[in-house]
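Participant: Input file: entry38.cif. Contents: mmCIF, C-alpha atoms.
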```
data_run
loop_
_atom_site.group_PDB
_atom_site.id
_atom_site.type_symbol
_atom_site.label_atom_id
_atom_site.label_comp_id
_atom_site.auth_asym_id
_atom_site.auth_seq_id
_atom_site.Cartn_x
_atom_site.Cartn_y
_atom_site.Cartn_z
ATOM 1 C CA MET A 1 0.000 0.000 0.000
ATOM 2 C CA ALA A 2 1.655 3.181 -1.197
ATOM 3 C CA LEU A 3 0.905 6.581 0.273
ATOM 4 C CA ASN A 4 0.142 9.297 -2.202
ATOM 5 C CA LYS A 5 1.163 12.925 -1.783
ATOM 6 C CA LYS A 6 -2.161 13.829 -0.117
ATOM 7 C CA GLY A 7 -1.740 11.019 2.431
ATOM 8 C CA ILE A 8 1.795 12.098 3.280
ATOM 9 C CA LEU A 9 0.706 15.710 3.653
ATOM 10 C CA LYS A 10 -2.202 14.755 5.916
ATOM 11 C CA ALA A 11 0.021 12.547 8.071
ATOM 12 C CA SER A 12 2.640 15.302 8.311
ATOM 13 C CA PHE A 13 -0.002 17.850 9.252
ATOM 14 C CA VAL A 14 -1.434 15.625 11.987
ATOM 15 C CA PHE A 15 2.073 14.919 13.305
ATOM 16 C CA LEU A 16 2.936 18.632 13.431
ATOM 17 C CA LEU A 17 -0.397 19.510 15.017
ATOM 18 C CA LEU A 18 0.007 16.921 17.757
ATOM 19 C CA PHE A 19 3.594 17.688 18.650
ATOM 20 C CA SER A 20 3.863 21.417 18.049
ATOM 21 C CA SER A 21 1.528 22.221 20.925
ATOM 22 C CA CYS A 22 3.452 20.045 23.379
ATOM 23 C CA THR A 23 6.330 21.776 25.091
ATOM 24 C CA ILE A 24 8.423 20.994 28.102
ATOM 25 C CA SER A 25 9.482 23.882 30.252
ATOM 26 C CA TYR A 26 12.040 23.919 33.036
ATOM 27 C CA LYS A 27 12.243 26.848 35.414
ATOM 28 C CA PHE A 28 15.428 27.222 37.402
ATOM 29 C CA THR A 29 14.273 30.043 39.639
ATOM 30 C CA GLY A 30 11.681 30.249 42.351
ATOM 31 C CA GLY A 31 12.826 27.144 44.099
ATOM 32 C CA ASN A 32 10.720 24.435 45.635
ATOM 33 C CA ILE A 33 8.777 26.603 48.073
ATOM 34 C CA ASP A 34 5.244 26.102 49.340
ATOM 35 C CA TYR A 35 4.236 29.766 49.501
ATOM 36 C CA SER A 36 1.046 28.895 51.353
ATOM 37 C CA LYS A 37 3.213 27.870 54.334
ATOM 38 C CA ILE A 38 6.490 29.749 53.871
ATOM 39 C CA LYS A 39 6.152 33.483 53.396
ATOM 40 C CA SER A 40 9.365 35.064 54.664
ATOM 41 C CA ILE A 41 13.105 34.659 55.013
ATOM 42 C CA SER A 42 15.511 36.399 57.344
ATOM 43 C CA ILE A 43 19.173 36.709 56.418
ATOM 44 C CA THR A 44 21.475 38.151 59.049
ATOM 45 C CA ASP A 45 24.752 39.904 58.330
ATOM 46 C CA PHE A 46 27.633 37.458 57.882
ATOM 47 C CA PRO A 47 30.556 38.889 59.883
ATOM 48 C CA ASN A 48 34.080 38.292 58.632
ATOM 49 C CA MET A 49 35.785 36.039 61.181
ATOM 50 C CA ALA A 50 38.599 34.976 58.821
ATOM 51 C CA GLU A 51 42.229 35.646 59.714
ATOM 52 C CA SER A 52 42.629 37.807 56.598
ATOM 53 C CA VAL A 53 40.074 40.578 56.652
ATOM 54 C CA TYR A 54 38.906 42.515 53.618
ATOM 55 C CA PRO A 55 36.578 45.168 55.108
ATOM 56 C CA PRO A 56 33.890 45.252 52.355
ATOM 57 C CA LEU A 57 33.602 41.433 52.189
ATOM 58 C CA SER A 58 30.976 40.996 54.922
ATOM 59 C CA ASN A 59 28.619 43.509 53.343
ATOM 60 C CA MET A 60 29.283 42.229 49.806
ATOM 61 C CA PHE A 61 28.413 38.668 50.789
ATOM 62 C CA SER A 62 25.369 39.483 52.951
ATOM 63 C CA GLU A 63 23.800 41.759 50.335
ATOM 64 C CA SER A 64 24.466 39.348 47.478
ATOM 65 C CA LEU A 65 22.766 36.539 49.397
ATOM 66 C CA ARG A 66 19.757 38.743 50.159
ATOM 67 C CA ASP A 67 19.554 39.796 46.507
ATOM 68 C CA LYS A 68 19.550 36.139 45.399
ATOM 69 C CA TYR A 69 16.441 35.360 47.448
ATOM 70 C CA THR A 70 14.563 38.571 46.676
ATOM 71 C CA ARG A 71 15.176 38.187 42.922
ATOM 72 C CA GLN A 72 14.388 34.485 42.670
ATOM 73 C CA THR A 73 11.604 33.965 45.201
ATOM 74 C CA LYS A 74 8.414 35.677 46.380
ATOM 75 C CA LEU A 75 9.575 35.501 50.003
ATOM 76 C CA GLN A 76 9.408 38.643 52.110
ATOM 77 C CA LEU A 77 12.880 39.554 53.376
ATOM 78 C CA LEU A 78 12.987 40.247 57.134
ATOM 79 C CA ARG A 79 15.842 41.233 59.440
ATOM 80 C CA ASN A 80 14.920 38.371 61.801
ATOM 81 C CA GLY A 81 12.108 35.984 62.617
ATOM 82 C CA GLY A 82 11.455 34.696 59.087
ATOM 83 C CA ASP A 83 9.909 31.312 58.325
ATOM 84 C CA LEU A 84 13.330 30.501 56.868
ATOM 85 C CA ASN A 85 16.492 31.857 58.463
ATOM 86 C CA LEU A 86 20.067 32.068 57.197
ATOM 87 C CA GLU A 87 22.905 33.099 59.463
ATOM 88 C CA GLY A 88 26.585 32.437 59.691
ATOM 89 C CA GLU A 89 30.018 33.904 59.285
ATOM 90 C CA ILE A 90 32.867 34.176 56.827
ATOM 91 C CA VAL A 91 35.472 31.800 58.232
ATOM 92 C CA GLY A 92 38.089 31.754 55.493
ATOM 93 C CA TYR A 93 39.581 34.301 53.127
ATOM 94 C CA ASP A 94 42.943 32.977 52.009
ATOM 95 C CA TYR A 95 45.296 33.142 49.086
ATOM 96 C CA VAL A 96 48.087 30.689 48.391
ATOM 97 C CA PRO A 97 50.663 30.362 45.604
ATOM 98 C CA LEU A 98 49.929 27.491 43.227
ATOM 99 C CA SER A 99 52.252 26.765 40.354
ATOM 100 C CA ILE A 100 55.915 27.686 40.186
ATOM 101 C CA GLY A 101 57.157 29.448 37.070
ATOM 102 C CA THR A 102 60.527 29.115 35.356
ATOM 103 C CA ASP A 103 61.995 31.764 37.640
ATOM 104 C CA ALA A 104 61.115 29.704 40.772
ATOM 105 C CA LEU A 105 58.414 32.209 41.714
ATOM 106 C CA ALA A 106 54.704 31.509 41.919
ATOM 107 C CA ALA A 107 53.038 31.852 38.523
ATOM 108 C CA GLU A 108 49.478 31.619 39.860
ATOM 109 C CA THR A 109 47.731 32.317 43.129
ATOM 110 C CA ARG A 110 44.456 30.848 44.367
ATOM 111 C CA LEU A 111 42.045 32.988 46.345
ATOM 112 C CA THR A 112 39.546 30.993 48.448
ATOM 113 C CA LEU A 113 36.445 32.167 50.286
ATOM 114 C CA THR A 114 34.802 29.929 52.918
ATOM 115 C CA VAL A 115 31.483 30.666 54.619
ATOM 116 C CA ASN A 116 29.824 28.787 57.485
ATOM 117 C CA VAL A 117 26.016 28.781 57.171
ATOM 118 C CA ARG A 118 23.250 27.804 59.580
ATOM 119 C CA PHE A 119 19.854 27.321 57.965
ATOM 120 C CA THR A 120 16.649 26.934 59.949
ATOM 121 C CA ASN A 121 13.180 26.241 58.603
ATOM 122 C CA LYS A 122 10.347 26.918 61.092
ATOM 123 C CA VAL A 123 7.848 25.054 58.910
ATOM 124 C CA THR A 124 9.981 21.968 58.213
ATOM 125 C CA PRO A 125 12.618 21.716 60.995
ATOM 126 C CA GLU A 126 14.083 18.503 59.528
ATOM 127 C CA ASP A 127 15.518 20.705 56.746
ATOM 128 C CA ASP A 128 17.705 22.606 59.273
ATOM 129 C CA TYR A 129 21.459 22.280 58.771
ATOM 130 C CA GLU A 130 24.869 23.813 59.335
ATOM 131 C CA LYS A 131 27.378 23.605 56.507
ATOM 132 C CA ARG A 132 30.519 25.236 55.110
ATOM 133 C CA TYR A 133 30.626 26.498 51.544
ATOM 134 C CA SER A 134 33.786 27.374 49.634
ATOM 135 C CA ALA A 135 34.692 28.837 46.283
ATOM 136 C CA SER A 136 38.081 29.537 44.729
ATOM 137 C CA GLN A 137 39.481 31.564 41.867
ATOM 138 C CA THR A 138 42.963 31.549 40.409
ATOM 139 C CA PHE A 139 44.797 34.640 39.193
ATOM 140 C CA ASP A 140 48.169 35.466 37.668
ATOM 141 C CA SER A 141 50.727 36.108 40.421
ATOM 142 C CA ASN A 142 52.104 39.042 38.437
ATOM 143 C CA LYS A 143 48.913 40.902 39.346
ATOM 144 C CA MET A 144 48.364 42.476 42.720
ATOM 145 C CA LEU A 145 45.527 41.004 44.796
ATOM 146 C CA ALA A 146 44.055 44.479 45.214
ATOM 147 C CA ASP A 147 43.714 44.761 41.414
ATOM 148 C CA VAL A 148 41.682 41.543 40.973
ATOM 149 C CA GLN A 149 40.105 41.076 44.404
ATOM 150 C CA ASP A 150 36.678 42.640 43.817
ATOM 151 C CA GLU A 151 36.164 40.869 40.480
ATOM 152 C CA LEU A 152 37.168 37.486 41.916
ATOM 153 C CA LEU A 153 35.067 37.982 45.048
ATOM 154 C CA THR A 154 32.012 38.794 42.947
ATOM 155 C CA ILE A 155 32.396 35.462 41.133
ATOM 156 C CA MET A 156 33.032 33.467 44.327
ATOM 157 C CA ILE A 157 30.197 35.111 46.264
ATOM 158 C CA GLU A 158 27.766 34.355 43.433
ATOM 159 C CA GLU A 159 28.916 30.728 43.358
ATOM 160 C CA ILE A 160 28.445 30.307 47.113
ATOM 161 C CA ALA A 161 25.085 32.121 47.061
ATOM 162 C CA ASP A 162 23.938 29.721 44.304
ATOM 163 C CA GLN A 163 25.029 26.707 46.387
ATOM 164 C CA ILE A 164 23.186 27.990 49.457
ATOM 165 C CA TYR A 165 20.078 28.784 47.423
ATOM 166 C CA ASN A 166 20.101 25.311 45.866
ATOM 167 C CA ASP A 167 20.463 23.629 49.265
ATOM 168 C CA THR A 168 17.771 25.675 50.975
ATOM 169 C CA VAL A 169 14.923 26.268 48.537
ATOM 170 C CA ALA A 170 15.742 24.835 45.095
ATOM 171 C CA LYS A 171 16.376 21.327 46.455
ATOM 172 C CA TRP A 172 18.155 19.985 43.374
#
```
If you took the structure in this file and wrote it as structure tokens, what would it be?

Facilitator:
Amino acid sequence: MALNKKGILKASFVFLLLFSSCTISYKFTGGNIDYSKIKSISITDFPNMAESVYPPLSNMFSESLRDKYTRQTKLQLLRNGGDLNLEGEIVGYDYVPLSIGTDALAAETRLTLTVNVRFTNKVTPEDDYEKRYSASQTFDSNKMLADVQDELLTIMIEEIADQIYNDTVAKW
């Protein structure tokens, strides 16, 4: 049984009609939050308790974390007493030489940021945890830390904020 041109066109049309209206959509923001039960989040300032202190770091980290939740969720941001609570401290801000160049001097340096986080969930207390998050960036040792510090910190803070967000509300 051979299909003629009309049969092929009809079959193609039916195929397109059936499958063109079906789409799969993935949304990577908003998290896995039951907004009927969880309405607010409180995020305290994260003080810098690391041996090496960069004065703007505490504010940079705290504000970036708050921005992450206000941009990607419908949660009301509170100073304290939220249904979800994030608190902690910056416990590590270190840089170490990595690879040695031909002149026996360090060719690259790694900058590492480590943050200790305590998460509490008043609605689902079994989700509570305490955990350390770290991120690192490498830079050319010929550059001064002061010249690359803010750019590298922005990248590392975003990476840690993403990890915290994923562990607390995205759950993936």

Participant: Which residue out of A:Glu126, A:Glu108, A:Asp94, A:Asp67 has the minimum interatomic distance to Lys143 of chain A when only C-alpha atoms are used?

Facilitator: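 Looking at the shortest contact to Lys143 of chain A, the residue is A:Glu108.
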
Participant: For the PyMOL selection byres ((chain A and resi 53) around 12), applied here, can you spell out every residue it catches as a PyMOL selection string?

Facilitator: chain A and resi 47-52+54-58+90-95+113

Participant: What does the distance between atom CA of Asp167 of chain A and atom CA of Ser42 of chain A come to in Å, to one decimal place?

Facilitator: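 Spanning atom CA of Asp167 of chain A to atom CA of Ser42 of chain A is a straight-line distance of 15.9 Å.
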
Participant: Would you compute the box with edges along x, y and z of the file around segment 88-92 of chain A, including every atom the file lists for it and 5 Å extra on each side, and give its centre and edge lengths in Å to one decimal, as AutoDock Vina command-line options?

Facilitator:
```
--center_x 32.3 --center_y 33.0 --center_z 57.6 --size_x 21.5 --size_y 12.4 --size_z 14.2
```

Participant: For Thr44 of chain A, please output as a ChimeraX atom specification all residues within 9 Å (counting only C-alpha atoms; exclusion window: fewer than 3 positions along the same chain).

Facilitator: /A:62,78-80,85-88

Participant: Given the choices A:Thr109, A:Thr70, A:Ser64, A:Thr124, which gets closest to Gln149 of chain A if the distance is worked out from all atoms listed in the file?

Facilitator: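 Looking at the shortest contact to Gln149 of chain A, the residue is A:Thr109.
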